[in-house]
file entry31.txt (compact mmCIF, C-alpha atoms)
# COMPACT_ATOMS: atom_id res chain seq x y z
CA MET A 1 55.02 -1.61 69.26
CA ILE A 2 52.71 1.16 68.06
CA ASP A 3 50.57 2.49 70.85
CA SER A 4 47.43 3.20 68.86
CA ILE A 5 46.34 2.90 65.26
CA LEU A 6 43.38 4.40 63.40
CA LEU A 7 42.20 2.65 60.23
CA VAL A 8 39.96 4.62 57.86
CA ASP A 9 38.51 2.21 55.30
CA ASP A 10 35.02 1.73 53.91
CA GLU A 11 35.39 -2.07 53.75
CA ASP A 12 34.21 -3.59 57.06
CA LEU A 13 35.69 -7.00 56.34
CA PHE A 14 39.11 -5.44 55.92
CA HIS A 15 38.73 -3.94 59.41
CA LEU A 16 38.61 -7.47 60.81
CA VAL A 17 41.55 -8.69 58.71
CA PHE A 18 43.66 -5.65 59.61
CA GLU A 19 42.80 -5.93 63.29
CA ASP A 20 43.69 -9.64 63.42
CA ALA A 21 46.88 -9.11 61.40
CA CYS A 22 48.02 -6.30 63.70
CA SER A 23 47.27 -8.39 66.75
CA LEU A 24 49.07 -11.47 65.43
CA LEU A 25 52.10 -9.43 64.43
CA ASP A 26 52.10 -7.48 67.72
CA ILE A 27 52.02 -4.23 65.82
CA SER A 28 49.78 -2.24 68.14
CA LEU A 29 48.10 -2.24 71.50
CA SER A 30 45.01 -0.36 70.44
CA LEU A 31 43.28 -0.19 67.09
CA LYS A 32 40.21 1.74 66.03
CA SER A 33 38.55 1.26 62.66
CA ILE A 34 36.14 3.70 61.07
CA SER A 35 34.47 3.73 57.63
CA SER A 36 34.27 7.42 56.83
CA ALA A 37 36.82 10.08 55.96
CA ASP A 38 34.41 12.74 57.19
CA GLU A 39 34.23 11.06 60.60
CA ALA A 40 38.02 10.85 60.78
CA ALA A 41 38.41 14.51 59.80
CA ALA A 42 35.84 15.50 62.45
CA MET A 43 37.73 13.53 65.11
CA PHE A 44 41.07 15.19 64.23
CA LYS A 45 39.44 18.59 64.09
CA LYS A 46 38.00 18.08 67.57
CA TRP A 47 41.35 17.00 68.99
CA PHE A 48 42.99 19.99 67.34
CA ASP A 49 40.35 22.48 68.48
CA ASP A 50 40.18 21.05 72.03
CA LYS A 51 43.97 20.97 72.19
CA THR A 52 43.91 17.30 73.30
CA PRO A 53 46.61 15.73 71.15
CA GLU A 54 47.00 12.88 73.62
CA TYR A 55 43.80 11.33 72.31
CA ARG A 56 45.09 11.23 68.78
CA PRO A 57 46.24 7.86 67.39
CA GLU A 58 49.95 7.39 66.90
CA CYS A 59 49.56 6.08 63.37
CA VAL A 60 46.82 6.42 60.75
CA PHE A 61 46.14 4.07 57.82
CA VAL A 62 43.85 5.62 55.20
CA ASP A 63 42.18 3.92 52.25
CA LEU A 64 42.52 5.77 48.93
CA ASN A 65 38.89 5.67 47.84
CA ILE A 66 36.47 5.75 50.76
CA ILE A 67 32.99 5.12 49.42
CA GLY A 68 30.34 7.22 51.13
CA SER A 69 32.74 9.99 52.13
CA SER A 70 32.81 13.50 50.76
CA PHE A 71 36.56 13.35 50.01
CA ASP A 72 39.18 10.70 49.34
CA GLY A 73 42.07 9.41 51.46
CA ILE A 74 44.65 11.78 50.01
CA GLU A 75 42.50 14.77 50.92
CA LEU A 76 42.07 13.37 54.45
CA ILE A 77 45.86 13.08 54.80
CA ARG A 78 46.25 16.66 53.56
CA LYS A 79 43.70 17.89 56.08
CA ILE A 80 45.32 16.01 58.99
CA ASN A 81 48.81 17.20 58.03
CA PHE A 82 48.08 20.79 57.09
CA GLU A 83 44.89 21.70 58.96
CA TYR A 84 44.75 19.60 62.11
CA GLY A 85 48.27 19.81 63.42
CA ASN A 86 50.10 16.84 61.92
CA HIS A 87 52.07 14.84 64.55
CA VAL A 88 50.89 11.41 63.42
CA VAL A 89 52.47 8.79 61.25
CA ILE A 90 50.11 8.63 58.31
CA GLY A 91 49.90 6.78 55.01
CA ILE A 92 47.71 5.07 52.47
CA ILE A 93 46.55 1.45 52.47
CA SER A 94 44.92 0.69 49.13
CA SER A 95 44.63 -1.96 46.44
CA SER A 96 45.64 0.71 43.91
CA ASN A 97 49.25 0.91 42.71
CA GLU A 98 49.07 4.00 40.54
CA SER A 99 52.22 6.09 40.64
CA GLU A 100 50.26 9.24 39.87
CA GLU A 101 48.15 8.76 43.00
CA GLN A 102 51.23 7.87 45.01
CA ALA A 103 52.83 11.16 43.95
CA LYS A 104 49.72 13.03 45.05
CA ALA A 105 49.74 11.23 48.39
CA LEU A 106 53.40 12.12 48.92
CA GLN A 107 52.58 15.75 48.17
CA ALA A 108 49.78 15.62 50.76
CA GLY A 109 52.24 14.37 53.39
CA ALA A 110 51.74 10.59 53.26
CA GLN A 111 54.76 8.69 54.61
CA PHE A 112 54.00 5.25 53.18
CA TRP A 113 51.77 3.39 50.75
CA ILE A 114 50.78 -0.19 51.57
CA ILE A 115 49.20 -2.15 48.75
CA LYS A 116 46.22 -4.09 50.01
CA SER A 117 46.02 -7.73 49.00
CA ASP A 118 44.98 -11.11 50.38
CA ASP A 119 48.40 -11.50 52.00
CA ILE A 120 48.72 -8.27 53.98
CA GLU A 121 50.83 -9.65 56.86
CA PRO A 122 54.29 -9.58 55.18
CA ARG A 123 53.80 -5.93 54.23
CA LEU A 124 52.68 -5.01 57.74
CA GLU A 125 55.67 -6.85 59.18
CA GLU A 126 57.99 -4.87 56.91
CA PHE A 127 56.16 -1.68 57.87
CA LYS A 128 56.63 -2.54 61.55
CA LYS A 129 60.39 -2.71 61.01
CA ASP A 130 60.41 0.72 59.31
CA TYR A 131 58.02 2.32 61.78
CA ASP A 132 60.59 4.05 63.97
CA GLY A 133 61.92 5.87 60.89
CA TYR A 134 58.44 7.17 60.11
CA LYS A 135 57.94 8.23 63.71
CA ASP A 136 61.09 10.36 63.81
CA LYS A 137 60.48 11.47 60.18
CA SER A 138 63.83 10.08 59.05
CA ALA A 139 62.38 7.46 56.68
CA SER A 140 61.43 8.50 53.17
CA PHE A 141 58.16 7.66 51.40
CA LYS A 142 57.96 3.94 50.68
CA VAL A 143 55.56 1.74 48.74
CA TYR A 144 55.01 -1.75 50.23
CA ARG A 145 54.23 -4.07 47.34
CA MET B 1 51.58 -2.27 82.32
CA ILE B 2 49.28 -4.14 84.69
CA THR B 3 50.60 -6.23 87.57
CA PRO B 4 47.75 -8.34 88.99
CA ASP B 5 47.91 -9.37 92.64
CA LYS B 6 48.34 -12.99 93.73
CA GLU B 7 44.63 -13.64 94.35
CA THR B 8 43.63 -12.24 90.97
CA ARG B 9 46.25 -14.37 89.25
CA ARG B 10 44.98 -17.47 91.11
CA GLN B 11 41.37 -16.75 90.15
CA LEU B 12 42.32 -16.24 86.50
CA ILE B 13 44.26 -19.52 86.43
CA GLU B 14 41.40 -21.38 88.15
CA LEU B 15 38.91 -19.99 85.65
CA LYS B 16 41.10 -21.24 82.81
CA GLU B 17 41.54 -24.70 84.33
CA GLN B 18 37.92 -25.21 85.37
CA LYS B 19 36.02 -23.63 82.48
CA ASP B 20 38.73 -22.93 79.86
CA ILE B 21 37.85 -19.23 80.01
CA CYS B 22 40.89 -17.11 79.17
CA LEU B 23 41.79 -13.48 78.72
CA GLU B 24 42.06 -12.51 75.07
CA GLY B 25 42.97 -9.61 72.84
CA ASN B 26 45.45 -6.82 73.34
CA ILE B 27 44.86 -6.74 77.12
CA LEU B 28 47.19 -9.75 77.32
CA LYS B 29 50.04 -7.55 76.09
CA THR B 30 49.63 -5.22 79.04
CA PHE B 31 50.30 -7.75 81.84
CA LYS B 32 53.58 -7.80 83.74
CA VAL B 33 54.65 -11.30 84.92
CA ASN B 34 57.11 -10.62 87.82
CA ASN B 35 58.73 -14.11 87.96
CA ASP B 36 55.44 -15.96 88.41
CA LYS B 37 56.06 -19.04 86.24
CA GLU B 38 52.52 -20.31 86.59
CA PHE B 39 51.01 -16.97 85.54
CA GLU B 40 53.57 -16.68 82.73
CA SER B 41 52.47 -20.09 81.50
CA TYR B 42 48.85 -18.97 81.80
CA LEU B 43 49.51 -15.86 79.72
CA GLU B 44 51.35 -17.93 77.10
CA TYR B 45 48.38 -20.27 76.89
CA CYS B 46 45.98 -17.34 76.57
CA ASN B 47 48.16 -15.74 73.88
CA THR B 48 48.38 -18.95 71.89
CA LYS B 49 44.62 -19.50 72.17
CA ASP B 50 43.96 -15.89 71.16
CA LYS B 51 46.32 -16.09 68.19
CA ASP B 52 44.78 -19.39 67.05
CA ALA B 53 41.32 -17.84 67.24
CA ARG B 54 42.49 -14.75 65.39
CA LYS B 55 44.21 -16.81 62.70
CA LYS B 56 41.05 -18.83 62.26
CA ARG B 57 38.92 -15.71 62.12
CA MET B 58 41.30 -14.00 59.72
CA GLY B 59 41.27 -17.04 57.43
CA ILE B 60 37.48 -17.03 57.38
CA THR B 61 37.37 -13.26 56.86
CA LYS B 62 39.80 -13.52 53.96
CA GLN B 63 37.68 -16.25 52.40
CA VAL B 64 34.62 -14.07 52.75
CA GLN B 65 36.58 -11.18 51.25
CA GLU B 66 37.62 -13.34 48.30
CA GLN B 67 34.04 -14.48 47.83
CA ASN B 68 32.92 -10.88 48.00
CA ILE B 69 35.49 -9.90 45.40
CA ARG B 70 34.40 -12.79 43.16
CA LEU B 71 30.76 -11.83 43.66
CA SER B 72 31.65 -8.23 42.91
CA HIS B 73 33.37 -9.29 39.67
CA LEU B 74 30.42 -11.50 38.80
CA ASN B 75 28.12 -8.61 39.54
CA GLU B 76 30.21 -6.37 37.27
CA GLU B 77 30.09 -9.00 34.52
CA ASN B 78 26.38 -9.38 35.08
CA GLN B 79 25.97 -5.62 34.93
CA LYS B 80 28.03 -5.54 31.74
CA MET B 81 25.87 -8.29 30.26
CA MET B 82 22.77 -6.42 31.32
CA ASN B 83 24.13 -3.28 29.69
CA ASP B 84 24.96 -5.23 26.51
CA LEU B 85 21.49 -6.74 26.61
CA GLN B 86 19.98 -3.32 27.12
CA ASN B 87 22.01 -1.99 24.19
CA LYS B 88 20.82 -4.89 22.03
CA ILE B 89 17.24 -4.24 23.10
CA THR B 90 17.70 -0.57 22.24
CA GLU B 91 19.15 -1.53 18.84
CA ILE B 92 16.26 -3.92 18.22
CA GLU B 93 13.77 -1.25 19.25
CA GLU B 94 15.46 1.23 16.91
CA SER B 95 15.36 -1.37 14.11
CA LYS B 96 11.73 -2.03 14.92
CA LEU B 97 11.05 1.69 14.73
CA THR B 98 12.87 1.87 11.39
CA PHE B 99 10.85 -1.10 10.13
CA GLU B 100 7.67 0.54 11.32
CA VAL B 101 8.58 3.74 9.49
CA GLN B 102 9.44 1.73 6.37
CA ASN B 103 6.22 -0.24 6.70
CA LYS B 104 4.31 3.00 7.05
CA GLU B 105 6.02 4.35 3.93
CA LEU B 106 5.27 1.12 2.11
CA GLU B 107 1.65 1.34 3.25
CA GLU B 108 1.50 4.91 1.95
CA TRP B 109 3.10 3.84 -1.32
CA LYS B 110 0.65 0.96 -1.56
CA LYS B 111 -2.23 3.32 -0.90
CA GLU B 112 -0.91 5.74 -3.53
CA ASN B 113 -0.43 2.83 -5.91
CA ILE B 114 -4.00 1.64 -5.33
CA GLU B 115 -5.27 5.18 -5.91
CA LEU B 116 -3.17 5.43 -9.08
CA THR B 117 -4.44 2.02 -10.24
CA GLU B 118 -8.01 3.10 -9.58
CA LYS B 119 -7.39 6.34 -11.48
CA LEU B 120 -5.75 4.38 -14.28
CA GLN B 121 -8.67 1.96 -14.42
CA SER B 122 -11.07 4.87 -14.47
CA GLU B 123 -9.06 6.51 -17.26
CA MET B 124 -8.92 3.20 -19.12
CA MET B 125 -12.69 2.86 -18.82
CA LYS B 126 -13.10 6.42 -20.05
CA SER B 127 -10.68 5.69 -22.86
CA GLU B 128 -12.52 2.47 -23.71
CA LYS B 129 -15.82 4.35 -23.70
CA ALA B 130 -14.26 7.04 -25.89
CA ARG B 131 -12.95 4.35 -28.22
CA VAL B 132 -16.41 2.73 -28.40
CA ASP B 133 -17.94 6.15 -28.97
CA ALA B 134 -15.36 6.90 -31.65
CA GLU B 135 -16.00 3.56 -33.33
CA ALA B 136 -19.73 4.22 -33.18
CA ALA B 137 -19.16 7.70 -34.61
CA LYS B 138 -16.91 6.20 -37.27
CA GLN B 139 -19.54 3.60 -38.07
CA ASN B 140 -22.18 6.35 -38.26
CA ALA B 141 -19.91 8.42 -40.46
CA GLU B 142 -19.24 5.40 -42.70
CA ASN B 143 -22.95 4.68 -42.88
CA ASP B 144 -23.66 8.33 -43.69
CA LEU B 145 -20.91 8.32 -46.28
CA ASP B 146 -22.19 5.10 -47.77
CA LEU B 147 -25.68 6.49 -47.83
CA LEU B 148 -24.40 9.64 -49.41
CA GLN B 149 -22.45 7.64 -51.95
CA LYS B 150 -25.50 5.54 -52.73
CA LYS B 151 -27.61 8.62 -52.96
CA THR B 152 -25.07 10.20 -55.26
CA GLN B 153 -24.82 6.99 -57.26
CA ASN B 154 -28.61 6.77 -57.47
CA GLU B 155 -28.84 10.38 -58.52
CA LEU B 156 -26.12 9.81 -61.09
CA ILE B 157 -27.79 6.66 -62.30
CA SER B 158 -31.10 8.46 -62.36
CA THR B 159 -29.52 11.29 -64.34
CA ILE B 160 -27.84 8.83 -66.71
CA VAL B 161 -31.13 6.93 -67.10
CA LYS B 162 -33.01 10.14 -67.69
CA VAL B 163 -30.44 11.44 -70.17
CA ALA B 164 -30.28 8.04 -71.89
CA LEU B 165 -34.04 7.82 -72.01
CA TRP B 166 -34.23 11.40 -73.28
CA VAL B 167 -31.60 10.57 -75.92
CA ILE B 168 -33.40 7.35 -76.85
CA MET B 169 -36.72 9.09 -76.92
CA GLY B 170 -35.22 12.02 -78.83
CA VAL B 171 -33.58 9.74 -81.37
CA GLY B 172 -36.88 7.74 -81.59
CA PHE B 173 -38.94 10.89 -82.06
CA VAL B 174 -36.51 12.36 -84.60
CA THR B 175 -36.26 9.10 -86.54
CA THR B 176 -40.04 8.62 -86.35
CA GLY B 177 -40.59 12.26 -87.35
CA VAL B 178 -38.26 11.90 -90.33
CA TYR B 179 -40.06 8.65 -91.32
CA VAL B 180 -43.49 10.28 -90.95
CA LEU B 181 -42.35 13.29 -92.89
CA THR B 182 -41.03 11.06 -95.64
CA LEU B 183 -44.38 9.27 -95.80
CA PHE B 184 -46.27 12.57 -96.05
CA ILE B 185 -44.11 14.08 -98.68
CA GLY B 186 -44.25 10.85 -100.70
CA LYS B 187 -40.61 10.11 -100.95
CA ASP B 188 -39.14 6.66 -101.11
CA THR B 189 -39.35 5.18 -97.58
CA GLN B 190 -37.48 1.99 -98.25
CA VAL B 191 -34.23 3.19 -96.80
CA ILE B 192 -35.72 5.29 -94.05
CA SER B 193 -38.11 2.57 -92.93
CA ALA B 194 -35.29 0.12 -92.69
CA ALA B 195 -33.19 2.66 -90.90
CA TRP B 196 -36.10 3.60 -88.55
CA SER B 197 -36.75 -0.03 -87.79
CA ASN B 198 -33.10 -0.69 -87.10
CA ILE B 199 -32.67 2.41 -84.99
CA PHE B 200 -35.86 1.73 -83.03
CA GLY B 201 -34.75 -1.85 -82.43
CA ILE B 202 -31.33 -0.66 -81.36
CA LEU B 203 -32.86 1.98 -79.11
CA LEU B 204 -35.19 -0.44 -77.43
CA THR B 205 -32.36 -2.92 -76.99
CA ASN B 206 -30.16 -0.23 -75.51
CA ALA B 207 -33.00 1.04 -73.32
CA PHE B 208 -33.56 -2.42 -71.86
CA SER B 209 -29.83 -2.93 -71.59
CA ILE B 210 -29.49 0.28 -69.61
CA VAL B 211 -32.42 -0.61 -67.36
CA GLY B 212 -31.02 -4.13 -66.87
CA THR B 213 -27.55 -2.79 -66.03
CA ILE B 214 -29.01 -0.33 -63.54
CA MET B 215 -31.11 -3.01 -61.87
CA GLY B 216 -28.08 -5.31 -61.73
CA ILE B 217 -25.92 -2.65 -60.12
CA LYS B 218 -28.63 -1.84 -57.60
CA TYR B 219 -29.08 -5.50 -56.76
CA ALA B 220 -25.35 -6.08 -56.38
CA THR B 221 -24.98 -3.01 -54.14
CA GLU B 222 -27.83 -4.15 -51.88
CA ASN B 223 -26.31 -7.65 -51.52
CA LYS B 224 -22.92 -6.22 -50.70
CA GLN B 225 -24.39 -4.35 -47.74
call {"tool": "encode", "arguments": {"input": "entry31.txt", "output": "structure tokens"}}
result
Amino acid sequence: MIDSILLVDDEDLFHLVFEDACSLLDISLSLKSISSADEAAAMFKKWFDDKTPEYRPECVFVDLNIIGSSFDGIELIRKINFEYGNHVVIGIISSSNESEEQAKALQAGAQFWIIKSDDIEPRLEEFKKDYDGYKDKSASFKVYR
Amino acid sequence: MITPDKETRRQLIELKEQKDICLEGNILKTFKVNNDKEFESYLEYCNTKDKDARKKRMGITKQVQEQNIRLSHLNEENQKMMNDLQNKITEIEESKLTFEVQNKELEEWKKENIELTEKLQSEMMKSEKARVDAEAAKQNAENDLDLLQKKTQNELISTIVKVALWVIMGVGFVTTGVYVLTLFIGKDTQVISAAWSNIFGILLTNAFSIVGTIMGIKYATENKQ
């Protein structure tokens, strides 16, 4: 089971769906949902600057296009991986399935890409099975369709 | 992991049995059972209840999401229709503007046409007046010419009459003179008297004939006018 998850998505209703799905599938103990990439970046920066990595979530799910934020999900992943110390399992959760964007995400250090749809549970279940590979960095980039 | 003491476990189970109030959420995953079958059963019940509630909530949330997506699509379609409508309105406004420009041009052409018509009418009136003037001048000229012709004719007639009368009178005087001379010198006047008489008669006849002809011509000319 994942200890803690951070979801960065501008859609509040998806927060509820994701939270319930994670709870039903016993994916995580703790889940925090926020709507802004700027807020997420600020949180990671603080943990990095304060040298308090224990407060960081174990896994981060980032939406591709976060309305109301000054940068998109791929940029947030790049910042977390290359500016704020890495050490989290991180990937995209988006309704988009564009290979060009997926290539960019991979370049920014994303480890997975989950395609958002009405039936998110099977994908999360599959992700749960692969999670250990992401944690020890042995699993390669995967798209959950 | 949390291991609640016996009293806490009892209170939690009592709360569930009396008021159906249960623990819920991820806190349930942190409890350690330690061979307490009753508390294990309690946690199972709480988990089932929590999962049922979450399933129900997730179903409703998904429905709301779907409705939101449908509404979003409808909004997009509506926006598209509004844009199309706006484009049509813009086209109509442009057409209206074009029509207005054309109407303005037509109005200007009409105005020019009216001005040209007025000018043409004015020119026609001038032309008509000129024609009337010309006809009047022509009539005057014809009258003058006629008058001149008549005058010339009258002068000619007068000259002819004068000459004829002078000839008649001359012939009369000469014939009479010759007859008188013959009488004075005592010559035979039989031939000359007959000749004088004949000539005089002829002269008088001719004189009256000339006068009659002249009067006839004058009368005919006056009637013709």
call {"tool": "closest_atom_pairs", "arguments": {"input": "entry31.txt", "of": "chain A", "to": "chain B", "cutoff": "9 Å", "atoms": "only C-alpha atoms", "output": "JSON lines"}}
result
{"residue": "A:Leu13", "atom": "CA", "partner": "B:Thr61", "partner_atom": "CA", "distance": 6.5}
{"residue": "A:Phe14", "atom": "CA", "partner": "B:Gln65", "partner_atom": "CA", "distance": 7.8}
{"residue": "A:Leu16", "atom": "CA", "partner": "B:Thr61", "partner_atom": "CA", "distance": 7.1}
{"residue": "A:Val17", "atom": "CA", "partner": "B:Met58", "partner_atom": "CA", "distance": 5.4}
{"residue": "A:Phe18", "atom": "CA", "partner": "B:Met58", "partner_atom": "CA", "distance": 8.7}
{"residue": "A:Glu19", "atom": "CA", "partner": "B:Met58", "partner_atom": "CA", "distance": 9.0}
{"residue": "A:Asp20", "atom": "CA", "partner": "B:Arg54", "partner_atom": "CA", "distance": 5.6}
{"residue": "A:Ala21", "atom": "CA", "partner": "B:Met58", "partner_atom": "CA", "distance": 7.6}
{"residue": "A:Ser23", "atom": "CA", "partner": "B:Asn26", "partner_atom": "CA", "distance": 7.0}
{"residue": "A:Leu24", "atom": "CA", "partner": "B:Lys51", "partner_atom": "CA", "distance": 6.0}
{"residue": "A:Asp26", "atom": "CA", "partner": "B:Lys29", "partner_atom": "CA", "distance": 8.6}
{"residue": "A:Ser28", "atom": "CA", "partner": "B:Asn26", "partner_atom": "CA", "distance": 8.2}
{"residue": "A:Leu29", "atom": "CA", "partner": "B:Asn26", "partner_atom": "CA", "distance": 5.6}
{"residue": "A:Ser30", "atom": "CA", "partner": "B:Asn26", "partner_atom": "CA", "distance": 7.1}
{"residue": "A:Asp118", "atom": "CA", "partner": "B:Lys62", "partner_atom": "CA", "distance": 6.7}
call {"tool": "residues_around", "arguments": {"input": "entry31.txt", "residues": "Ser140 in chain A", "least_positions_apart": "2", "cutoff": "7 Å", "atoms": "all atoms listed in the file", "output": "tab-separated table (two decimals) with C-alpha atoms, in the coordinates of the input"}}
result
chain	number	residue	atom	x	y	z
A	111	GLN	CA	54.76	8.69	54.61
A	138	SER	CA	63.83	10.08	59.05
A	142	LYS	CA	57.96	3.94	50.68
call {"tool": "atom_distance", "arguments": {"input": "entry31.txt", "atom1": "CA of Asn97 in chain A", "atom2": "CA of Val143 in chain A"}}
result
8.8 Å
call {"tool": "residues_around", "arguments": {"input": "entry31.txt", "residues": "Ser99 in chain A", "least_positions_apart": "4", "cutoff": "12 Å", "atoms": "all atoms listed in the file", "output": "VMD selection string"}}
result
chain A and resid 103 to 106 113 115 142 to 143
call {"tool": "write_last_selection", "arguments": {"input": "entry31.txt", "atoms": "C-alpha atoms", "output": "JSON list (two decimals), keeping the file's coordinate frame"}}
result
[["chain", "number", "residue", "atom", "x", "y", "z"],
["A", 103, "ALA", "CA", 52.83, 11.16, 43.95],
["A", 104, "LYS", "CA", 49.72, 13.03, 45.05],
["A", 105, "ALA", "CA", 49.74, 11.23, 48.39],
["A", 106, "LEU", "CA", 53.40, 12.12, 48.92],
["A", 113, "TRP", "CA", 51.77, 3.39, 50.75],
["A", 115, "ILE", "CA", 49.20, -2.15, 48.75],
["A", 142, "LYS", "CA", 57.96, 3.94, 50.68],
["A", 143, "VAL", "CA", 55.56, 1.74, 48.74]]
call {"tool": "atom_distance", "arguments": {"input": "entry31.txt", "atom1": "CA of Asn34 in chain B", "atom2": "CA of Thr3 in chain B"}}
result
7.9 Å
call {"tool": "residues_around", "arguments": {"input": "entry31.txt", "residues": "Ala40 in chain A", "least_positions_apart": "2", "cutoff": "10 Å", "atoms": "only C-alpha atoms", "output": "ChimeraX atom specification"}}
result
/A:6-8,33-38,42-46,60,62,76,80
call {"tool": "atom_distance", "arguments": {"input": "entry31.txt", "atom1": "CA of Val161 in chain B", "atom2": "CA of Asn143 in chain B"}}
result
25.7 Å
call {"tool": "residues_around", "arguments": {"input": "entry31.txt", "residues": "Ile27 in chain A", "least_positions_apart": "5", "cutoff": "7 Å", "atoms": "all atoms listed in the file", "output": "PDB file with C-alpha atoms, keeping the file's coordinate frame"}}
result
ATOM      1  CA  MET A   1      55.020  -1.610  69.260  1.00  0.00           C
ATOM      2  CA  ILE A   2      52.710   1.160  68.060  1.00  0.00           C
ATOM      3  CA  CYS A  22      48.020  -6.300  63.700  1.00  0.00           C
ATOM      4  CA  LYS A 128      56.630  -2.540  61.550  1.00  0.00           C
TER       5      LYS A 128
END
call {"tool": "residues_near_point", "arguments": {"input": "entry31.txt", "point": "(-33.0, 8.8, -75.8)", "cutoff": "12 Å", "atoms": "all atoms listed in the file", "output": "list in words"}}
result
Ile160, Val161, Lys162, Val163, Ala164, Leu165, Trp166, Val167, Ile168, Met169, Gly170, Val171, Gly172, Phe173, Val174, Thr175, Ile199, Phe200, Ile202, Leu203, Leu204, Thr205, Asn206, Ala207, Phe208 and Ile210 of chain B
call {"tool": "residues_around", "arguments": {"input": "entry31.txt", "residues": "Leu64 in chain A", "least_positions_apart": "3", "cutoff": "9 Å", "atoms": "only C-alpha atoms", "output": "VMD selection string"}}
result
chain A and resid 9 72 to 74 92 to 96 101
call {"tool": "closest_residue", "arguments": {"input": "entry31.txt", "among": "B:Ala130, B:Leu181, B:Met1, B:Leu85", "to": "Val33 in chain B", "atoms": "all atoms listed in the file"}}
result
B:Met1
call {"tool": "axis_aligned_box", "arguments": {"input": "entry31.txt", "around": "range 42-46 of chain A", "padding_each_side": "5 Å", "output": "AutoDock Vina command-line options"}}
result
--center_x 38.5 --center_y 16.1 --center_z 65.0 --size_x 15.2 --size_y 15.1 --size_z 15.1
call {"tool": "closest_residue", "arguments": {"input": "entry31.txt", "among": "A:Ala41, A:Lys116, A:Leu31, A:Tyr144", "to": "Ser70 in chain A", "atoms": "only C-alpha atoms"}}
result
A:Ala41
call {"tool": "closest_residue", "arguments": {"input": "entry31.txt", "among": "B:Lys218, B:Lys19, B:Lys49, B:Lys80", "to": "Lys150 in chain B", "atoms": "only C-alpha atoms"}}
result
B:Lys218
call {"tool": "build_atoms", "arguments": {"input": "entry31.txt", "residues": "range 126-140 of chain A", "atoms": "N, CA and C atoms", "output": "compact mmCIF listing (two decimals), in the coordinates of the input"}}
result
# COMPACT_ATOMS: atom_id res chain seq x y z
N GLU A 126 56.94 -5.74 57.44
CA GLU A 126 57.99 -4.87 56.91
C GLU A 126 57.79 -3.43 57.40
N PHE A 127 56.50 -3.02 57.39
CA PHE A 127 56.16 -1.68 57.87
C PHE A 127 56.56 -1.52 59.34
N LYS A 128 56.31 -2.58 60.11
CA LYS A 128 56.63 -2.54 61.55
C LYS A 128 58.13 -2.28 61.76
N LYS A 129 58.93 -2.90 60.89
CA LYS A 129 60.39 -2.71 61.01
C LYS A 129 60.79 -1.26 60.71
N ASP A 130 60.06 -0.65 59.73
CA ASP A 130 60.41 0.72 59.31
C ASP A 130 59.75 1.79 60.17
N TYR A 131 58.88 1.35 61.10
CA TYR A 131 58.02 2.32 61.78
C TYR A 131 58.79 3.42 62.53
N ASP A 132 59.85 3.05 63.19
CA ASP A 132 60.59 4.05 63.97
C ASP A 132 61.08 5.19 63.08
N GLY A 133 61.49 4.85 61.86
CA GLY A 133 61.92 5.87 60.89
C GLY A 133 60.80 6.82 60.53
N TYR A 134 59.58 6.29 60.40
CA TYR A 134 58.44 7.17 60.11
C TYR A 134 58.13 8.07 61.31
N LYS A 135 58.29 7.48 62.52
CA LYS A 135 57.94 8.23 63.71
C LYS A 135 58.86 9.43 63.90
N ASP A 136 60.18 9.21 63.65
CA ASP A 136 61.09 10.36 63.81
C ASP A 136 61.32 11.11 62.49
N LYS A 137 60.49 10.78 61.50
CA LYS A 137 60.48 11.47 60.18
C LYS A 137 61.80 11.29 59.42
N SER A 138 62.56 10.28 59.75
CA SER A 138 63.83 10.08 59.05
C SER A 138 63.65 9.19 57.82
N ALA A 139 62.57 8.38 57.81
CA ALA A 139 62.38 7.46 56.68
C ALA A 139 61.66 8.20 55.54
N SER A 140 62.08 7.87 54.32
CA SER A 140 61.43 8.50 53.17
C SER A 140 60.19 7.69 52.76
